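Data block for model-v8.cif (mmCIF, C-alpha atoms and all ligand atoms):
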```
data_run
#
loop_
_atom_site.label_atom_id
_atom_site.label_comp_id
_atom_site.auth_asym_id
_atom_site.auth_seq_id
_atom_site.Cartn_x
_atom_site.Cartn_y
_atom_site.Cartn_z
CA MET A 373 5.73 -7.25 10.25
CA ARG A 374 6.22 -3.57 11.10
CA ILE A 375 7.48 -1.83 7.99
CA GLY A 376 8.72 1.73 7.47
CA ILE A 377 8.48 3.15 3.95
CA VAL A 378 10.50 6.17 2.86
CA CYS A 379 9.66 7.72 -0.51
CA TYR A 380 9.14 10.97 -2.38
CA PRO A 381 5.57 12.07 -1.74
CA THR A 382 5.23 13.79 -5.13
CA VAL A 383 3.63 12.49 -8.32
CA GLY A 384 6.68 10.53 -9.64
CA GLY A 385 6.48 6.80 -10.33
CA SER A 386 8.72 5.80 -7.41
CA GLY A 387 6.41 7.50 -4.90
CA VAL A 388 3.36 5.95 -6.53
CA VAL A 389 4.85 2.45 -6.39
CA ALA A 390 5.97 2.93 -2.77
CA THR A 391 2.53 4.17 -1.72
CA GLU A 392 0.63 1.39 -3.44
CA LEU A 393 3.05 -1.17 -2.01
CA GLY A 394 2.39 0.24 1.47
CA HIS A 395 -1.36 -0.13 0.96
CA GLU A 396 -1.01 -3.68 -0.32
CA LEU A 397 1.17 -4.60 2.65
CA ALA A 398 -1.33 -3.01 5.03
CA THR A 399 -4.21 -5.03 3.57
CA ARG A 400 -2.10 -8.14 4.05
CA GLY A 401 -1.95 -7.36 7.77
CA HIS A 402 1.40 -5.58 8.10
CA GLU A 403 1.76 -2.32 10.02
CA VAL A 404 3.04 0.29 7.58
CA HIS A 405 4.69 3.59 8.56
CA PHE A 406 5.33 6.18 5.85
CA ILE A 407 8.17 8.57 6.66
CA THR A 408 8.55 11.57 4.36
CA TYR A 409 8.22 15.37 4.23
CA ALA A 410 4.59 15.51 3.03
CA LEU A 411 1.63 13.19 2.75
CA PRO A 412 2.25 10.99 -0.33
CA PHE A 413 -0.36 12.11 -2.82
CA ARG A 414 -1.95 8.68 -3.21
CA LEU A 415 -1.83 7.77 0.50
CA ARG A 416 -5.19 6.89 2.03
CA LEU A 417 -4.58 7.56 5.71
CA GLU A 418 -8.07 6.45 6.69
CA GLU A 419 -7.22 2.82 5.86
CA ASP A 420 -6.22 0.32 8.55
CA ASN A 421 -2.56 -0.27 9.43
CA ILE A 422 -1.36 2.90 7.67
CA TYR A 423 0.56 5.60 9.58
CA PHE A 424 2.28 8.77 8.44
CA HIS A 425 5.27 10.51 10.08
CA GLU A 426 6.18 13.90 8.71
CA VAL A 427 9.82 14.89 8.41
CA GLU A 428 10.48 18.53 9.18
CA ILE A 429 12.39 20.66 6.73
CA ASN A 430 14.83 22.75 8.72
CA GLN A 431 14.78 26.43 7.80
CA TYR A 432 17.67 27.55 10.04
CA ASP A 433 19.08 30.82 8.65
CA LEU A 434 22.66 29.61 8.39
CA PHE A 435 21.67 26.86 5.97
CA GLN A 436 21.49 28.12 2.45
CA TYR A 437 20.06 24.72 1.47
CA PRO A 438 17.67 22.56 3.52
CA ASP A 439 19.34 19.56 5.21
CA TYR A 440 16.61 16.99 4.46
CA ALA A 441 18.89 13.93 4.55
CA LEU A 442 19.77 14.63 8.20
CA THR A 443 16.32 15.39 9.55
CA LEU A 444 15.06 12.35 7.65
CA ALA A 445 17.71 10.15 9.33
CA VAL A 446 16.70 11.39 12.76
CA LYS A 447 13.00 10.83 12.02
CA ILE A 448 13.65 7.33 10.69
CA ALA A 449 15.63 6.46 13.82
CA SER A 450 12.91 7.77 16.10
CA VAL A 451 10.04 6.01 14.24
CA ALA A 452 12.06 2.78 14.03
CA GLU A 453 12.73 2.83 17.77
CA CYS A 454 9.27 3.93 18.86
CA HIS A 455 7.39 1.46 16.61
CA ARG A 456 10.00 -1.32 16.67
CA LEU A 457 10.23 -1.45 12.88
CA ASP A 458 11.42 -4.76 11.45
CA ILE A 459 12.00 -3.43 7.95
CA LEU A 460 12.82 -0.02 6.57
CA HIS A 461 12.09 0.05 2.85
CA VAL A 462 13.50 3.11 1.11
CA HIS A 463 12.47 3.99 -2.44
CA TYR A 464 14.94 5.98 -4.55
CA ALA A 465 18.55 5.88 -3.36
CA ILE A 466 19.19 9.60 -2.96
CA PRO A 467 19.14 10.61 -0.17
CA HIS A 468 16.88 7.91 1.31
CA ALA A 469 19.38 5.04 1.39
CA THR A 470 21.98 7.31 2.96
CA SER A 471 19.57 8.57 5.62
CA ALA A 472 18.58 4.94 6.33
CA TYR A 473 22.23 4.01 6.88
CA LEU A 474 22.69 6.97 9.19
CA ALA A 475 19.53 6.08 11.12
CA LYS A 476 20.81 2.55 11.65
CA GLN A 477 24.07 3.96 12.97
CA ILE A 478 22.14 6.19 15.37
CA LEU A 479 20.35 3.07 16.63
CA GLU A 480 23.60 1.14 17.00
CA SER A 481 23.14 0.44 20.70
CA GLN A 482 19.57 -0.87 20.29
CA SER A 483 18.91 -4.59 20.29
CA HIS A 484 16.11 -4.25 17.72
CA ARG A 485 17.05 -2.43 14.54
CA PRO A 486 15.26 -2.57 11.17
CA SER A 487 16.84 -4.19 8.14
CA VAL A 488 17.19 -1.71 5.31
CA VAL A 489 15.82 -2.52 1.85
CA THR A 490 16.73 -0.04 -0.88
CA THR A 491 14.71 -0.07 -4.09
CA LEU A 492 16.40 1.63 -7.01
CA HIS A 493 13.97 3.29 -9.39
CA GLY A 494 16.00 4.66 -12.26
CA THR A 495 17.19 8.24 -12.29
CA ASP A 496 18.66 7.72 -8.80
CA ILE A 497 21.18 5.55 -10.68
CA THR A 498 21.19 6.49 -14.36
CA LEU A 499 21.04 10.27 -14.06
CA VAL A 500 21.64 11.68 -10.58
CA GLY A 501 23.48 8.78 -8.95
CA ILE A 502 26.06 8.55 -11.68
CA ASP A 503 26.86 12.27 -11.30
CA ARG A 504 30.30 12.58 -9.71
CA ALA A 505 28.85 14.79 -6.99
CA TYR A 506 26.80 11.81 -5.72
CA TYR A 507 28.52 8.69 -7.05
CA GLN A 508 30.52 7.71 -3.93
CA VAL A 509 27.68 8.21 -1.49
CA VAL A 510 25.25 6.28 -3.69
CA LYS A 511 27.68 3.37 -4.07
CA PHE A 512 28.34 3.40 -0.31
CA SER A 513 24.64 3.52 0.59
CA ILE A 514 23.79 0.68 -1.81
CA GLU A 515 26.58 -1.45 -0.35
CA LYS A 516 25.46 -0.72 3.20
CA SER A 517 21.81 -1.65 2.59
CA ASP A 518 20.77 -5.07 3.88
CA ALA A 519 19.08 -5.78 0.56
CA VAL A 520 18.81 -3.93 -2.72
CA THR A 521 16.18 -4.31 -5.41
CA ALA A 522 15.86 -2.78 -8.86
CA VAL A 523 12.61 -2.29 -10.77
CA SER A 524 13.91 -4.00 -13.92
CA GLU A 525 16.58 -6.40 -15.00
CA ASN A 526 18.10 -3.63 -17.09
CA LEU A 527 18.43 -1.34 -14.06
CA ARG A 528 19.83 -4.19 -11.97
CA ALA A 529 22.58 -4.94 -14.51
CA HIS A 530 23.28 -1.26 -15.13
CA THR A 531 23.67 -0.56 -11.39
CA ALA A 532 25.95 -3.53 -10.77
CA GLU A 533 28.20 -2.46 -13.62
CA ALA A 534 28.18 1.32 -13.21
CA PHE A 535 28.75 1.17 -9.44
CA ASP A 536 30.80 -2.01 -9.40
CA ILE A 537 28.42 -3.62 -6.88
CA LYS A 538 29.43 -7.18 -5.97
CA SER A 539 26.61 -7.90 -3.51
CA PRO A 540 23.35 -9.20 -4.99
CA ILE A 541 20.73 -6.86 -6.38
CA GLU A 542 17.35 -8.47 -6.86
CA THR A 543 14.95 -7.52 -9.63
CA ILE A 544 11.42 -6.98 -8.39
CA TYR A 545 9.23 -5.41 -11.05
CA ASN A 546 6.76 -2.64 -10.40
CA PHE A 547 3.10 -3.54 -10.21
CA PHE A 548 -0.13 -1.78 -11.03
CA ILE A 549 -3.73 -2.33 -9.97
CA PRO A 550 -6.17 -0.95 -12.58
CA LYS A 551 -9.37 0.63 -11.32
CA GLU A 552 -12.33 -1.60 -12.14
CA GLN A 553 -14.51 1.34 -13.26
CA TYR A 554 -12.15 2.29 -16.10
CA ILE A 555 -11.52 -1.16 -17.56
CA ASN A 556 -13.19 -1.29 -20.99
CA ASN A 557 -14.90 1.97 -20.15
CA SER A 558 -13.87 5.49 -21.18
CA PRO A 559 -16.32 7.89 -19.56
CA CYS A 560 -14.51 11.07 -20.60
CA ARG A 561 -13.28 10.22 -24.10
CA HIS A 562 -15.98 12.36 -25.74
CA GLU A 563 -14.57 15.45 -23.96
CA PHE A 564 -11.47 15.28 -26.16
CA THR A 565 -12.48 13.64 -29.42
CA SER A 566 -15.27 13.81 -31.97
CA GLU A 567 -16.73 10.82 -33.80
CA GLY A 568 -14.04 9.04 -35.82
CA GLU A 569 -11.07 10.72 -34.14
CA LYS A 570 -8.31 8.75 -32.41
CA LEU A 571 -6.97 9.77 -29.02
CA ILE A 572 -3.24 9.65 -28.32
CA VAL A 573 -2.03 10.09 -24.74
CA HIS A 574 1.26 11.01 -23.07
CA ALA A 575 1.96 11.52 -19.36
CA SER A 576 5.28 12.37 -17.74
CA ASN A 577 7.24 14.85 -15.65
CA TYR A 578 8.35 16.80 -18.76
CA ARG A 579 12.05 16.45 -18.06
CA PRO A 580 14.48 16.37 -21.02
CA VAL A 581 14.86 12.61 -20.55
CA LYS A 582 11.19 12.16 -21.55
CA ARG A 583 11.67 13.83 -24.99
CA VAL A 584 8.16 15.24 -24.95
CA ILE A 585 8.88 17.27 -28.08
CA ASP A 586 9.19 13.92 -29.91
CA VAL A 587 5.63 13.19 -28.80
CA ILE A 588 4.47 16.34 -30.59
CA HIS A 589 6.52 15.58 -33.72
CA ILE A 590 5.06 12.07 -33.88
CA PHE A 591 1.56 13.43 -33.31
CA GLU A 592 1.97 16.01 -36.10
CA ARG A 593 2.89 13.24 -38.51
CA ILE A 594 0.06 10.94 -37.43
CA LYS A 595 -2.36 13.82 -37.85
CA GLU A 596 -1.33 14.22 -41.49
CA THR A 597 -2.86 10.79 -42.14
CA ILE A 598 -5.76 10.29 -39.70
CA PRO A 599 -7.99 12.58 -37.60
CA CYS A 600 -6.71 12.53 -34.02
CA LYS A 601 -6.24 14.46 -30.80
CA LEU A 602 -3.41 14.47 -28.28
CA LEU A 603 -3.90 14.46 -24.51
CA LEU A 604 -0.93 15.63 -22.43
CA LEU A 605 -0.94 14.83 -18.71
CA GLY A 606 1.48 16.07 -16.05
CA THR A 607 3.85 18.99 -15.77
CA GLY A 608 7.55 19.75 -15.59
CA PRO A 609 10.39 21.93 -16.88
CA ASP A 610 9.88 21.25 -20.62
CA LEU A 611 6.14 21.89 -20.61
CA ASP A 612 6.41 25.60 -21.51
CA GLY A 613 8.59 24.83 -24.52
CA VAL A 614 6.08 22.19 -25.63
CA ARG A 615 3.21 24.68 -25.26
CA ARG A 616 5.12 27.27 -27.34
CA TYR A 617 5.81 24.74 -30.07
CA VAL A 618 2.17 23.62 -30.15
CA GLN A 619 1.13 27.28 -30.52
CA LYS A 620 3.70 27.98 -33.22
CA GLN A 621 2.44 25.01 -35.22
CA GLY A 622 -1.19 26.08 -34.81
CA LEU A 623 -2.05 22.84 -33.03
CA GLU A 624 -3.87 24.37 -30.04
CA GLY A 625 -7.20 22.88 -31.12
CA SER A 626 -5.72 19.39 -31.33
CA VAL A 627 -3.65 19.19 -28.16
CA HIS A 628 -5.27 19.10 -24.73
CA PHE A 629 -3.02 20.06 -21.82
CA LEU A 630 -4.48 18.63 -18.61
CA GLY A 631 -1.58 19.30 -16.22
CA VAL A 632 -1.32 17.39 -12.95
CA THR A 633 -4.35 15.32 -12.06
CA ARG A 634 -5.19 12.79 -9.38
CA GLU A 635 -7.38 11.03 -11.89
CA ILE A 636 -4.66 9.89 -14.25
CA ASP A 637 -6.36 6.48 -14.72
CA LEU A 638 -9.52 8.13 -16.00
CA TYR A 639 -7.58 9.80 -18.82
CA ILE A 640 -5.04 7.11 -19.65
CA SER A 641 -7.79 4.52 -19.98
CA CYS A 642 -9.63 6.52 -22.63
CA GLY A 643 -6.71 6.63 -25.07
CA ASP A 644 -6.30 4.59 -28.25
CA LEU A 645 -2.53 4.71 -27.94
CA PHE A 646 0.09 5.80 -25.42
CA LEU A 647 3.35 7.42 -26.59
CA LEU A 648 6.54 7.11 -24.50
CA PRO A 649 9.58 8.12 -26.59
CA SER A 650 11.93 8.55 -23.55
CA GLU A 651 15.69 8.60 -23.71
CA GLN A 652 15.86 6.59 -20.48
CA GLU A 653 13.23 4.66 -18.60
CA SER A 654 14.20 2.06 -16.03
CA PHE A 655 10.70 0.58 -16.13
CA GLY A 656 8.05 2.95 -17.53
CA LEU A 657 5.28 2.66 -14.96
CA VAL A 658 2.97 4.74 -17.12
CA ALA A 659 3.39 2.25 -19.98
CA LEU A 660 2.27 -0.50 -17.61
CA GLU A 661 -0.70 1.60 -16.49
CA SER A 662 -1.75 2.05 -20.12
CA MET A 663 -1.34 -1.65 -20.87
CA ALA A 664 -3.43 -2.57 -17.84
CA TYR A 665 -6.30 -0.55 -19.36
CA GLY A 666 -5.79 -2.19 -22.74
CA VAL A 667 -4.08 0.80 -24.34
CA PRO A 668 -1.26 -0.26 -26.74
CA VAL A 669 2.06 1.54 -26.28
CA VAL A 670 4.53 2.97 -28.80
CA ALA A 671 7.81 3.62 -27.01
CA SER A 672 11.57 3.70 -27.36
CA THR A 673 13.72 0.61 -26.94
CA VAL A 674 15.52 1.90 -23.86
CA GLY A 675 16.22 0.74 -20.32
CA GLY A 676 13.57 -1.58 -18.89
CA ILE A 677 10.82 -0.71 -21.41
CA PRO A 678 11.32 -3.92 -23.47
CA GLU A 679 10.78 -5.94 -20.27
CA VAL A 680 7.39 -4.27 -19.82
CA VAL A 681 6.08 -3.65 -23.34
CA GLU A 682 6.46 -6.77 -25.46
CA ASP A 683 7.45 -5.44 -28.89
CA GLY A 684 4.96 -6.34 -31.62
CA VAL A 685 2.53 -7.77 -29.07
CA CYS A 686 1.43 -4.97 -26.72
CA GLY A 687 2.62 -2.16 -28.99
CA TYR A 688 5.82 -1.37 -30.86
CA LEU A 689 9.29 -0.24 -29.82
CA SER A 690 11.75 1.83 -31.89
CA PRO A 691 15.19 3.28 -31.16
CA CYS A 692 15.11 6.52 -29.17
CA GLY A 693 14.66 9.52 -31.50
CA ASP A 694 13.22 7.45 -34.37
CA ILE A 695 10.26 9.75 -35.03
CA ALA A 696 9.51 8.17 -38.41
CA GLY A 697 9.58 4.63 -36.98
CA MET A 698 7.32 5.55 -34.05
CA THR A 699 4.92 7.35 -36.41
CA ASP A 700 4.69 4.28 -38.66
CA SER A 701 4.08 2.04 -35.64
CA ALA A 702 1.38 4.34 -34.30
CA LEU A 703 -0.36 4.50 -37.69
CA LYS A 704 -0.18 0.75 -38.08
CA ILE A 705 -2.00 0.28 -34.76
CA LEU A 706 -4.47 3.13 -35.18
CA THR A 707 -5.56 2.23 -38.72
CA ASN A 708 -6.03 -1.51 -38.19
CA LYS A 709 -8.99 -2.29 -35.95
CA GLU A 710 -8.12 -5.95 -35.54
CA LEU A 711 -4.49 -5.29 -34.72
CA HIS A 712 -5.54 -2.64 -32.21
CA LYS A 713 -8.00 -5.01 -30.55
CA SER A 714 -5.50 -7.87 -30.33
CA MET A 715 -2.75 -5.60 -28.92
CA SER A 716 -5.20 -4.13 -26.45
CA VAL A 717 -6.21 -7.57 -25.16
CA LYS A 718 -2.62 -8.83 -25.02
CA ALA A 719 -1.42 -5.68 -23.26
CA SER A 720 -3.94 -6.05 -20.44
CA GLU A 721 -3.26 -9.79 -20.20
CA ARG A 722 0.48 -9.16 -19.91
CA ALA A 723 -0.03 -6.45 -17.27
CA LYS A 724 -2.16 -8.87 -15.24
CA LYS A 725 0.09 -11.90 -15.71
CA TYR A 726 3.48 -10.35 -14.92
CA PHE A 727 2.86 -7.07 -13.11
CA SER A 728 -0.11 -7.59 -10.81
CA ALA A 729 0.03 -6.87 -7.07
CA ASP A 730 -0.64 -10.55 -6.38
CA ARG A 731 2.48 -11.52 -8.25
CA ILE A 732 4.83 -8.75 -7.07
CA VAL A 733 3.91 -7.91 -3.45
CA PRO A 734 4.66 -11.46 -2.15
CA GLN A 735 8.17 -11.09 -3.58
CA TYR A 736 8.75 -8.11 -1.29
CA GLU A 737 7.17 -9.96 1.65
CA GLU A 738 9.45 -12.91 1.01
CA LEU A 739 12.49 -10.63 0.95
CA TYR A 740 11.42 -8.95 4.21
CA ARG A 741 10.89 -12.35 5.90
CA ARG A 742 14.35 -13.49 4.84
CA LEU A 743 15.90 -10.36 6.35
CA VAL A 744 13.93 -10.64 9.58
CA MET A 745 15.04 -14.25 9.96
CA GLN A 746 18.67 -13.31 9.29
CA GLN A 747 18.42 -10.50 11.82
CA SER A 748 16.95 -12.74 14.51
CA SER A 749 19.62 -15.38 13.99
CA VAL A 750 22.43 -12.85 14.59
O1 LIG A 801 10.60 9.35 -14.51
C1 LIG A 801 11.22 9.90 -13.61
O2 LIG A 801 12.25 10.53 -13.79
C2 LIG A 801 10.71 9.80 -12.21
C3 LIG A 801 11.15 8.54 -11.56
C4 LIG A 801 10.46 8.46 -10.25
O3 LIG A 801 11.11 8.36 -9.25
O4 LIG A 801 9.26 8.50 -10.22
O5 LIG A 801 10.79 7.44 -12.41
C5 LIG A 801 11.59 6.29 -12.34
O6 LIG A 801 10.93 5.36 -11.49
C6 LIG A 801 9.69 4.84 -12.01
C7 LIG A 801 9.09 3.89 -10.97
O7 LIG A 801 9.92 2.81 -10.73
C8 LIG A 801 9.94 4.13 -13.35
O8 LIG A 801 8.73 3.63 -13.87
C9 LIG A 801 10.53 5.14 -14.33
O9 LIG A 801 10.84 4.45 -15.54
C10 LIG A 801 11.80 5.75 -13.75
N1 LIG A 801 12.25 6.84 -14.64
C11 LIG A 801 13.38 6.75 -15.35
O10 LIG A 801 14.13 5.80 -15.33
C12 LIG A 801 13.68 7.93 -16.21
#
```
Would you write out, as structure tokens, the structure that this file holds?
Ligand code: GMT
Amino acid sequence: MRIGIVCYPTVGGSGVVATELGHELATRGHEVHFITYALPFRLRLEEDNIYFHEVEINQYDLFQYPDYALTLAVKIASVAECHRLDILHVHYAIPHATSAYLAKQILESQSHRPSVVTTLHGTDITLVGIDRAYYQVVKFSIEKSDAVTAVSENLRAHTAEAFDIKSPIETIYNFFIPKEQYINNSPCRHEFTSEGEKLIVHASNYRPVKRVIDVIHIFERIKETIPCKLLLLGTGPDLDGVRRYVQKQGLEGSVHFLGVTREIDLYISCGDLFLLPSEQESFGLVALESMAYGVPVVASTVGGIPEVVEDGVCGYLSPCGDIAGMTDSALKILTNKELHKSMSVKASERAKKYFSADRIVPQYEELYRRLVMQQSSV
């Protein structure tokens, strides 16, 4: 099949999933066209069957704000026509699903038009989509897609209810492929810890929804009981506040700020525990990444996290904001070697069994085939 993928090219989970899906589809023989405003940061253009089409950002003086949704629609229409796309798979509803609808309208007179698949990732529904400024257009664009998927059962149910969607939304979970060289191997652990110290890791986009300050509060409490270090990956609006707090508490020697890195796997895989105390998380890709490397997760019982992290098996879940509960869970795991080992093994087994590319990618291929058949029978 010829498949167009629209996603955010930045470091967020939706862009990562879209990019890796594109690569998996390409290795399975499909022709994959990425359409976005910059090269997705994990895209390997040198690989077979992968193409990239850049969307221009219009800087016309009259526009106080760039009109990305429109230039994206025009680019989608032109790529779809030129490369006879069968499927257009857009990741993150805003504005991608709307631009896809518009592109299909532009192509109205064409005999061959792609079917539009919209994958909802989380904040496009729970945070931004639900905002009154976007609600109507998000509902409309979901309803006009030829198929809609959500990355967890929780997000599927939430979307159907919040947007009163009667048409089916399918749950297709995210997947993750761990890098062989970091499985059971932590080449850089010694850079952050001394003998006998535990390493706790957190990675996010430092938005309020991630509650990164809770990570620090939990870490402070763990540190009162056992020697440990904290590794913080990523960047975002709350990072400065976190840095200030770390300084105020005199924790600079115990907290490593690594910022944005392409080598996230290298660092996640060397942790003893991953902390994810988010207020909302439709899936929690980073929790899956940790599990795949055998790193147990302590997280909040929100959104799709319980579908990914099996409570008491691959880590522990507590209500959002329960600093004491998450601290106890973390200490339980970090002070009991056998428990840590068994959670580590079960976490990687679960990641492989339910969230591998081999399990998930065929579900997308099956969906695409269904749509292509429907289209050709019209
Ligand atoms: O976490 C974010 O706000 C970024 C967002 C994204 O687009 O990358 O993440 C969402 O999509 C990820 C991939 O499907 C999920 O793993 C995240 O849980 C989800 N974030 C939220 O729901 C807050």
Practice prompt. For segment 712-718 of chain A, please output as a PyMOL selection string all residues within 7 Å (counting all atoms listed in the file; exclusion window: fewer than 6 positions along the same chain).
Written response: chain A and resi 666-668+685-687+705-706
Discussion item. What's around Ala719 of chain A at 12 Å? Count all atoms listed in the file, leave out sequence neighbours fewer than 5 positions away in its own chain, and write the answer as a VMD selection string.
Written reply: chain A and resid 645 to 646 659 to 670 680 to 688 711 to 714 724 to 727
Can those selected residues be exported to a file as a CSV table (one decimal), in the frame of the given file so that it contains C-alpha atoms?
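Just written: again.csv:
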```
chain,number,residue,atom,x,y,z
A,645,LEU,CA,-2.5,4.7,-27.9
A,646,PHE,CA,0.1,5.8,-25.4
A,659,ALA,CA,3.4,2.2,-20.0
A,660,LEU,CA,2.3,-0.5,-17.6
A,661,GLU,CA,-0.7,1.6,-16.5
A,662,SER,CA,-1.8,2.0,-20.1
A,663,MET,CA,-1.3,-1.6,-20.9
A,664,ALA,CA,-3.4,-2.6,-17.8
A,665,TYR,CA,-6.3,-0.6,-19.4
A,666,GLY,CA,-5.8,-2.2,-22.7
A,667,VAL,CA,-4.1,0.8,-24.3
A,668,PRO,CA,-1.3,-0.3,-26.7
A,669,VAL,CA,2.1,1.5,-26.3
A,670,VAL,CA,4.5,3.0,-28.8
A,680,VAL,CA,7.4,-4.3,-19.8
A,681,VAL,CA,6.1,-3.6,-23.3
A,682,GLU,CA,6.5,-6.8,-25.5
A,683,ASP,CA,7.4,-5.4,-28.9
A,684,GLY,CA,5.0,-6.3,-31.6
A,685,VAL,CA,2.5,-7.8,-29.1
A,686,CYS,CA,1.4,-5.0,-26.7
A,687,GLY,CA,2.6,-2.2,-29.0
A,688,TYR,CA,5.8,-1.4,-30.9
A,711,LEU,CA,-4.5,-5.3,-34.7
A,712,HIS,CA,-5.5,-2.6,-32.2
A,713,LYS,CA,-8.0,-5.0,-30.6
A,714,SER,CA,-5.5,-7.9,-30.3
A,724,LYS,CA,-2.2,-8.9,-15.2
A,725,LYS,CA,0.1,-11.9,-15.7
A,726,TYR,CA,3.5,-10.4,-14.9
A,727,PHE,CA,2.9,-7.1,-13.1
```
Practice prompt. Work out how far atom CA of Gln735 of chain A is from atom CA of His455 of chain A, in Å to one decimal.
Written response: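 Taking atom CA of His455 of chain A as the start and atom CA of Gln735 of chain A as the end point, the length is 23.8 Å.
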Worksheet item: Which protein, DNA or RNA residues have an atom within 6 Å of ligand LIG 801 (chain A), counting all atoms listed in the file, as a ChimeraX atom specification?
Response: /A:384-386,493-495,523,652-657
Could you write those residues out with C-alpha atoms, as a short mmCIF file (atom, residue, chain, number, x, y, z; two decimals), in the coordinates of the input?
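The resulting file, out-v3.cif, is shown below:
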```
data_model
loop_
_atom_site.label_atom_id
_atom_site.label_comp_id
_atom_site.auth_asym_id
_atom_site.auth_seq_id
_atom_site.Cartn_x
_atom_site.Cartn_y
_atom_site.Cartn_z
CA GLY A 384 6.68 10.53 -9.64
CA GLY A 385 6.48 6.80 -10.33
CA SER A 386 8.72 5.80 -7.41
CA HIS A 493 13.97 3.29 -9.39
CA GLY A 494 16.00 4.66 -12.26
CA THR A 495 17.19 8.24 -12.29
CA VAL A 523 12.61 -2.29 -10.77
CA GLN A 652 15.86 6.59 -20.48
CA GLU A 653 13.23 4.66 -18.60
CA SER A 654 14.20 2.06 -16.03
CA PHE A 655 10.70 0.58 -16.13
CA GLY A 656 8.05 2.95 -17.53
CA LEU A 657 5.28 2.66 -14.96
#
```
Closest atom pairs, residues of segment 602-672 of chain A within 7 Å of segment 564-571 of chain A, all atoms listed in the file, as CSV:
```
residue,atom,partner,partner_atom,distance
A:Leu602,CA,A:Leu571,CA,5.9
A:Gly643,CA,A:Leu571,CA,5.1
A:Asp644,CA,A:Leu571,CA,5.3
A:Leu645,CA,A:Leu571,CA,6.8
```
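The residue that comes closest to Pro559 of chain A, out of A:Glu738, A:Leu638, A:Gln747, A:Thr408 and on the basis of only C-alpha atoms, is A:Leu638.
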Discussion item. Please report the interatomic distance between atom CA of Val744 of chain A and atom CA of Glu392 of chain A in Å with one decimal.
Written reply: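 One can read the atom CA of Val744 of chain A to atom CA of Glu392 of chain A distance as 22.2 Å.
Using only C-alpha atoms, the nearest neighbour of Asn546 of chain A within the list A:Pro412, A:Pro381, A:Gly401, A:Gly676 is A:Gly676.
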Discussion item. With all atoms listed in the file as the counted atoms, please give the residues lying no more than 7 Å from Cys379 of chain A, apart from itself and same-chain residues fewer than 4 positions off, as a list of chain:residue names.
Written reply: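 Once the nearby chain positions are removed, what remains is A:Gly387, A:Ala390, A:Thr408, A:Val462, A:His463, A:Tyr464.
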Worksheet item: Which is closer to Arg414 of chain A than all the others in A:Met698, A:Thr391, A:Val658, A:Asn430, using all atoms listed in the file?
Response: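 Ranking A:Met698, A:Thr391, A:Val658, A:Asn430 by distance to Arg414 of chain A, first place goes to A:Thr391.
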Discussion item. Need the shell around segment 615-628 of chain A: protein/DNA/RNA residues with any atom at most 12 Å away, counting only C-alpha atoms. Skip same-chain ones fewer than 5 positions apart. Format as number ranges by chain?
Written reply: A: 561, 563-566, 569-575, 578, 584-589, 591-592, 594-595, 599-610, 639
Worksheet item: For Arg583 of chain A, which of A:Ala671, A:Ala410, A:Ile598, A:Ile377 is the closest residue, counting all atoms listed in the file?
Response: A:Ala671
Practice prompt. Give me, please, the distance in Å between atom CA of Asp518 of chain A and atom CA of Ser483 of chain A, quoted to one decimal.
Written response: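 Between these atoms lies a distance of 16.5 Å.
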Item to complete: Point out the residue among A:Ser748, A:Gln482, A:Asn526, A:Asn577 with the least atom-to-atom distance to Thr498 of chain A, counting only C-alpha atoms.
Response: A:Asn526
Worksheet entry | Leu474 of chain A surroundings by all atoms listed in the file, 8 Å radius, close-in-sequence under 4 positions cut, as a list in words | Ala445, Thr470 and Ile478 of chain A
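Closest to His468 of chain A among A:Val500, A:Val378, A:Leu442, A:Ala398 is A:Val378, based on only C-alpha atoms.
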